[in-house]
Protein chains: 2
Amino acid sequence: MAKSITKEKRQERIREKISINPFISDEQLSKLFKVSIQTIRLDRLEMGIPEMRKRVIQLAQNASSKVKALNKNEIIGDLIDIELGRSGISTMRTTKEMAFDKNKLVRSHYIFSLADSLAMAIIDADIVLTGTARLRYKHPVYVGQLLIAKARIATKKGNKLLVSVHISCDHVEVFTAKIIMVSLDGEHKTPDFN
Amino acid sequence: MAKSITKEKRQERIREKISINPFISDEQLSKLFKVSIQTIRLDRLEMGIPEMRKRVIQLAQNASSKVKALNKNEIIGDLIDIELGRSGISTMRTTKEMAFDKNKLVRSHYIFSLADSLAMAIIDADIVLTGTARLRYKHPVYVGQLLIAKARIATKKGNKLLVSVHISCDHVEVFTAKIIMVSLDGEHKTPDFN
DNA sequence: CACCTATTAATGGTTACTATTAACTGATAG
DNA sequence: CTATCAGTTAATAGTAACCATTAATAGGTG
């Protein structure tokens with residue numbers, strides 16, 4: 001059997017090739033592996049890999065839906081309970097996109113985002129800006145963990161509101177924040193930051 | 001002229017349709033606008049819009065490159081100067097993806113991300129975690145503005161470092177932060193948060 | 001040698017086009 | 001009233017990149 005490689009190995013390598021470059025056509029693959037185009041097609045059939053065009057369409061589709069989802073994310077995390085003007089609860093499942101590749105530690109600004117978004121969400125005003133904040137990262141968060149954020153408006157003074165946010169994970173508090181938000185309702189659109 | 005619509009208007013609407021749903025074929029368009037498929041093709045030709053397959057390929061390609069770019073973003077913003085263990089400067093051009101749709105105000109956590117990433121970057125340690133932070137948003141930031149962040153390590157105490165970050169935009173300070181970072185070098189991998 | 005797997009070939013059909021030439025239709029200008 | 005022109009449609013030929021089916025062939029094994 002002086003044949004270059006076995007069917008099995010070829011199929012493995014075809015799968016690899018396609019995952020790296022989904023735009024490759026059967027013809028290109030056939031040249032690459034020095035087999036006929038029919039063999040490539042049989043291989044794809046056996047492996048249940050769709051033709052190039054369909055692969056590309058799939059790619060484009062879930063890519064565009066991802067972009068939309070990203071834009072939609074005005075509120076980071078999922079609001080699960082809200083009492084407008086008082087308090088709210090939201091959750092977020094941490095994903096590998098939020099973490100450092102090497103140690104799977106969720107990057108701190110994603111945690112802040114969850115807190116900040118929730119704080120904004122519970123305030124009953126057209127425009128809300130973050131003024132100042134005190135953050136406390138108490139424990140590291142890893143990929144895959146579910147974060148639960150609870151926020152409560154503590155005090156109000158004019159257009160300034162103090163919101164306290166607590167984020168926990170498996171009943172352990174991993175983050176707390178006190179955020180002063182500035183609301184800009186209707187008439188005076190120029191922010192007052194003093 | 002009892003004709004439904006003019007050529008010009010049809011072309012406008014074709015352009016719209018395609019931008020909303022790039023996966024639409026000429027045949028579907030021809031049915032939608034009740035003209036022949038040839039007319040649609042002439043229209044595309046005149047407007048320089050490529051055929052559906054090429055549109056989809058383009059979509060898939062720049063979508064996949066975007067995903068890669070997003071993953072690459074371990075450091076948010078562009079590091080332009082760094083003196084490891086002392087200070088650093090980075091910049092970030094704010095984009096519409098970072099802002100609220102309605103008022104073009106850049107969301108606060110993007111600004112924090114810039115500060116936090118820079119603070120991490122200048123610390124000379126394997127693992128760096130954010131401990132506590134005080135943030136001060138001094139002026140709102142709008143889409144398209146270029147932010148310049150400057151960070152400096154102020155004090156060191158054991159594995160804790162105080163980093164101060166100042167972000168400005170058109171020579172106006174828009175944000176300041178004092179961040180206490182915790183470094184975990186080599187031996188003791190369990191974070192010490194006390 | 002018969003058999004079997006893997007491979008290749010052959011044929012016909014599909015979608016979604018490009019490119020070109022030609023015919024048609026309705027309105028306008030001379 | 002007819003020639004002309006824009007806009008539209010039709011017709012034809014060709015392309016890439018496939019699917020689906022049947023058949024032939026090549027190589028190795030029991």
# chains A, B, ... in the order shown; residues from 1 in each chain; ligands from 1
>>> calpha_fit_and_write(fixed="chain B", moving="chain A", output="short mmCIF file (atom, residue, chain, number, x, y, z; two decimals) with C-alpha atoms, in the first residue's frame")
data_model
loop_
_atom_site.label_atom_id
_atom_site.label_comp_id
_atom_site.auth_asym_id
_atom_site.auth_seq_id
_atom_site.Cartn_x
_atom_site.Cartn_y
_atom_site.Cartn_z
CA MET A 1 -47.27 56.10 -18.39
CA ALA A 2 -49.31 53.73 -16.30
CA LYS A 3 -46.14 51.83 -15.45
CA SER A 4 -45.93 50.91 -11.77
CA ILE A 5 -42.71 52.76 -10.89
CA THR A 6 -39.78 54.37 -12.62
CA LYS A 7 -36.43 52.74 -13.14
CA GLU A 8 -34.83 55.15 -10.72
CA LYS A 9 -37.22 54.42 -7.93
CA ARG A 10 -37.00 50.71 -8.49
CA GLN A 11 -33.25 50.87 -8.22
CA GLU A 12 -33.48 52.81 -5.00
CA ARG A 13 -35.81 50.23 -3.58
CA ILE A 14 -33.63 47.38 -4.77
CA ARG A 15 -30.68 48.94 -2.97
CA GLU A 16 -32.77 49.21 0.16
CA LYS A 17 -34.04 45.66 -0.05
CA ILE A 18 -30.54 44.32 -0.45
CA SER A 19 -29.17 46.34 2.41
CA ILE A 20 -31.90 44.97 4.65
CA ASN A 21 -31.61 41.40 3.40
CA PRO A 22 -28.34 40.79 1.57
CA PHE A 23 -29.28 37.15 1.05
CA ILE A 24 -31.97 37.90 -1.50
CA SER A 25 -31.39 36.52 -5.01
CA ASP A 26 -32.09 38.20 -8.32
CA GLU A 27 -34.99 35.84 -8.90
CA GLN A 28 -36.64 36.81 -5.65
CA LEU A 29 -36.11 40.47 -6.43
CA SER A 30 -37.60 40.04 -9.89
CA LYS A 31 -40.73 38.55 -8.39
CA LEU A 32 -40.90 41.26 -5.77
CA PHE A 33 -40.74 44.10 -8.26
CA LYS A 34 -42.58 42.23 -11.01
CA VAL A 35 -39.88 42.72 -13.61
CA SER A 36 -37.73 40.23 -15.42
CA ILE A 37 -34.58 38.82 -13.89
CA GLN A 38 -32.57 40.58 -16.61
CA THR A 39 -33.86 43.94 -15.50
CA ILE A 40 -32.75 43.24 -11.98
CA ARG A 41 -29.33 42.30 -13.25
CA LEU A 42 -29.05 45.43 -15.32
CA ASP A 43 -30.05 47.41 -12.26
CA ARG A 44 -27.41 45.80 -10.10
CA LEU A 45 -24.86 46.35 -12.83
CA GLU A 46 -25.70 50.02 -13.06
CA MET A 47 -25.54 50.42 -9.31
CA GLY A 48 -22.39 48.38 -8.96
CA ILE A 49 -23.97 45.94 -6.53
CA PRO A 50 -22.33 42.52 -6.68
CA GLU A 51 -24.25 39.26 -6.94
CA MET A 52 -25.77 37.64 -3.88
CA ARG A 53 -23.02 35.10 -3.38
CA LYS A 54 -20.32 37.70 -3.35
CA ARG A 55 -22.33 39.85 -1.00
CA VAL A 56 -22.67 36.97 1.39
CA ILE A 57 -18.98 36.13 1.21
CA GLN A 58 -18.09 39.73 1.93
CA LEU A 59 -20.46 39.78 4.86
CA ALA A 60 -19.05 36.59 6.28
CA GLN A 61 -15.50 37.77 5.81
CA ASN A 62 -15.65 41.11 7.48
CA ALA A 63 -17.88 39.66 10.16
CA SER A 64 -15.30 37.02 10.99
CA SER A 65 -12.52 39.56 10.93
CA LYS A 66 -14.52 41.68 13.33
CA VAL A 67 -14.90 38.77 15.70
CA LYS A 68 -11.18 38.17 15.56
CA ALA A 69 -10.53 41.84 16.21
CA LEU A 70 -12.79 41.69 19.21
CA ASN A 71 -10.91 38.72 20.60
CA LYS A 72 -7.62 40.34 19.85
CA ASN A 73 -8.68 43.27 21.98
CA GLU A 74 -7.04 41.99 25.09
CA ILE A 75 -5.70 45.48 25.37
CA ILE A 76 -8.42 47.97 24.73
CA GLY A 77 -7.19 50.98 22.87
CA ASP A 78 -3.84 51.32 21.13
CA LEU A 79 -0.72 51.26 23.20
CA ILE A 80 1.48 54.00 21.85
CA ASP A 81 4.16 54.23 24.48
CA ILE A 82 5.17 52.02 27.37
CA GLU A 83 7.82 51.93 30.02
CA LEU A 84 7.19 48.58 31.63
CA GLY A 85 6.89 48.81 35.38
CA ARG A 86 6.54 52.57 35.29
CA SER A 87 4.13 54.22 32.90
CA GLY A 88 2.30 54.02 29.60
CA ILE A 89 0.14 55.90 27.14
CA SER A 90 -2.67 54.55 25.01
CA THR A 91 -5.34 56.02 22.81
CA MET A 92 -8.80 55.05 21.72
CA ARG A 93 -11.08 56.51 19.09
CA THR A 94 -14.62 56.28 20.40
CA THR A 95 -17.14 54.75 18.02
CA LYS A 96 -20.90 54.67 17.84
CA GLU A 97 -20.86 51.10 19.09
CA MET A 98 -19.58 52.41 22.40
CA ALA A 99 -22.33 54.92 22.87
CA PHE A 100 -26.00 55.16 23.63
CA ASP A 101 -27.98 55.40 20.45
CA LYS A 102 -30.03 58.37 21.50
CA ASN A 103 -27.53 60.88 22.82
CA LYS A 104 -24.18 59.70 21.40
CA LEU A 105 -22.68 59.68 24.88
CA VAL A 106 -19.96 57.10 25.27
CA ARG A 107 -20.87 54.56 27.90
CA SER A 108 -18.79 54.85 30.99
CA HIS A 109 -17.48 51.32 31.07
CA TYR A 110 -15.65 51.80 27.79
CA ILE A 111 -13.69 54.59 29.38
CA PHE A 112 -12.98 52.43 32.39
CA SER A 113 -11.89 49.62 30.07
CA LEU A 114 -9.31 51.84 28.47
CA ALA A 115 -7.94 52.86 31.86
CA ASP A 116 -8.02 49.37 33.31
CA SER A 117 -6.36 47.78 30.29
CA LEU A 118 -3.60 50.32 30.26
CA ALA A 119 -3.01 49.90 33.97
CA MET A 120 -2.67 46.16 33.42
CA ALA A 121 -0.40 46.57 30.47
CA ILE A 122 2.25 48.58 32.24
CA ILE A 123 2.65 46.10 35.09
CA ASP A 124 5.48 43.66 34.64
CA ALA A 125 3.90 40.44 35.91
CA ASP A 126 2.34 37.28 34.52
CA ILE A 127 -1.08 37.70 36.01
CA VAL A 128 -2.54 41.00 37.05
CA LEU A 129 -5.92 41.48 38.65
CA THR A 130 -7.85 44.59 39.45
CA GLY A 131 -8.28 44.97 43.20
CA THR A 132 -10.01 48.21 43.99
CA ALA A 133 -10.53 51.36 42.02
CA ARG A 134 -11.70 54.90 42.39
CA LEU A 135 -13.13 56.37 39.24
CA ARG A 136 -13.98 59.95 38.50
CA TYR A 137 -15.89 60.83 35.37
CA LYS A 138 -15.29 64.53 34.95
CA HIS A 139 -16.81 65.29 31.58
CA PRO A 140 -19.02 63.41 29.16
CA VAL A 141 -17.39 61.86 26.10
CA TYR A 142 -19.06 61.78 22.73
CA VAL A 143 -18.82 59.47 19.75
CA GLY A 144 -15.87 60.14 17.49
CA GLN A 145 -13.62 61.75 20.05
CA LEU A 146 -10.07 60.55 20.53
CA LEU A 147 -9.20 59.64 24.08
CA ILE A 148 -5.64 59.74 25.37
CA ALA A 149 -4.92 57.74 28.48
CA LYS A 150 -1.82 58.15 30.59
CA ALA A 151 -1.03 55.78 33.41
CA ARG A 152 1.73 55.75 35.99
CA ILE A 153 2.57 53.32 38.75
CA ALA A 154 2.50 55.45 41.90
CA THR A 155 3.40 53.05 44.67
CA LYS A 156 4.29 49.40 45.14
CA LYS A 157 3.68 47.41 48.30
CA GLY A 158 4.31 43.70 48.01
CA ASN A 159 2.12 42.40 45.25
CA LYS A 160 -0.08 45.48 45.27
CA LEU A 161 0.46 48.39 42.96
CA LEU A 162 -1.31 51.69 42.88
CA VAL A 163 -1.74 52.96 39.36
CA SER A 164 -3.10 56.37 38.53
CA VAL A 165 -4.71 56.91 35.16
CA HIS A 166 -5.71 60.14 33.51
CA ILE A 167 -7.77 60.23 30.36
CA SER A 168 -8.11 63.40 28.37
CA CYS A 169 -9.78 64.46 25.19
CA ASP A 170 -8.87 67.67 23.36
CA HIS A 171 -6.67 68.69 26.30
CA VAL A 172 -9.58 68.39 28.69
CA GLU A 173 -9.36 65.80 31.41
CA VAL A 174 -12.49 63.68 31.16
CA PHE A 175 -11.66 60.88 33.54
CA THR A 176 -9.22 59.98 36.30
CA ALA A 177 -8.78 56.78 38.23
CA LYS A 178 -6.69 55.33 40.97
CA ILE A 179 -6.55 51.61 40.61
CA ILE A 180 -4.95 49.12 42.93
CA MET A 181 -3.79 46.14 40.94
CA VAL A 182 -2.73 42.82 42.38
CA SER A 183 0.05 40.96 40.64
CA LEU A 184 0.40 37.20 40.84
CA ASP A 185 3.83 36.22 39.75
CA GLY A 186 4.97 32.64 39.34
CA GLU A 187 4.71 30.74 42.66
CA HIS A 188 1.55 31.77 44.54
CA LYS A 189 -1.31 31.43 42.10
CA THR A 190 -4.12 31.91 44.60
CA PRO A 191 -5.00 35.57 44.65
CA ASP A 192 -4.45 37.41 47.88
CA PHE A 193 -7.24 39.91 48.19
CA ASN A 194 -6.72 41.12 51.76
#
>>> select_by_dssp(residues="stretch 20-184 of chain A", states="strand (DSSP E)", output="NGL selection string")
:A and (78-83 or 87-93 or 127-137 or 146-157 or 160-169 or 172-184)
>>> select_by_dssp(residues="stretch 79-173 of chain A", states="alpha helix (DSSP H)", output="MDAnalysis selection string")
chainID A and resid 108:121
>>> interface_residues(of="chain C", to="chain A", cutoff="12 Å", atoms="only C-alpha atoms (C1' of nucleotides)", output="list in words")
DT5, DA6, DT7, DT8, DA9, DA10, DT15 and DA16 of chain C
>>> interface_residues(of="chain D", to="chain A", cutoff="9 Å", atoms="only C-alpha atoms (C1' of nucleotides)", output="tab-separated table (two decimals) with N, CA, C and O atoms (P, O5', C5', C4', C3', O3' and C1' of nucleotides), in the first residue's frame")
chain	number	residue	atom	x	y	z
D	17	DA	P	-15.69	28.16	-8.14
D	17	DA	O5'	-16.78	27.18	-7.51
D	17	DA	C5'	-17.92	27.75	-6.88
D	17	DA	C4'	-18.90	26.64	-6.62
D	17	DA	C3'	-18.23	25.31	-6.19
D	17	DA	O3'	-18.82	24.84	-5.00
D	17	DA	C1'	-19.83	24.96	-7.84
D	18	DC	P	-18.12	23.68	-4.17
D	18	DC	O5'	-18.65	22.40	-4.95
D	18	DC	C5'	-19.57	21.54	-4.38
D	18	DC	C4'	-21.00	21.92	-4.75
D	18	DC	C3'	-21.93	20.72	-4.77
D	18	DC	O3'	-22.39	20.49	-3.45
D	18	DC	C1'	-22.33	22.09	-6.67
D	27	DG	P	-3.63	-0.12	-9.85
D	27	DG	O5'	-3.59	-0.19	-8.26
D	27	DG	C5'	-4.82	-0.13	-7.53
D	27	DG	C4'	-4.64	-0.63	-6.12
D	27	DG	C3'	-3.52	-1.66	-5.90
D	27	DG	O3'	-3.03	-1.50	-4.58
D	27	DG	C1'	-5.65	-2.72	-5.69
D	28	DG	P	-1.79	-2.38	-4.05
D	28	DG	O5'	-2.55	-3.34	-3.04
D	28	DG	C5'	-3.19	-2.78	-1.88
D	28	DG	C4'	-4.15	-3.77	-1.29
D	28	DG	C3'	-3.48	-5.04	-0.76
D	28	DG	O3'	-3.80	-5.16	0.63
D	28	DG	C1'	-5.39	-5.55	-2.10
>>> atom_distance(atom1="atom C1' of C:DT18", atom2="atom C1' of D:DA10")
15.9 Å
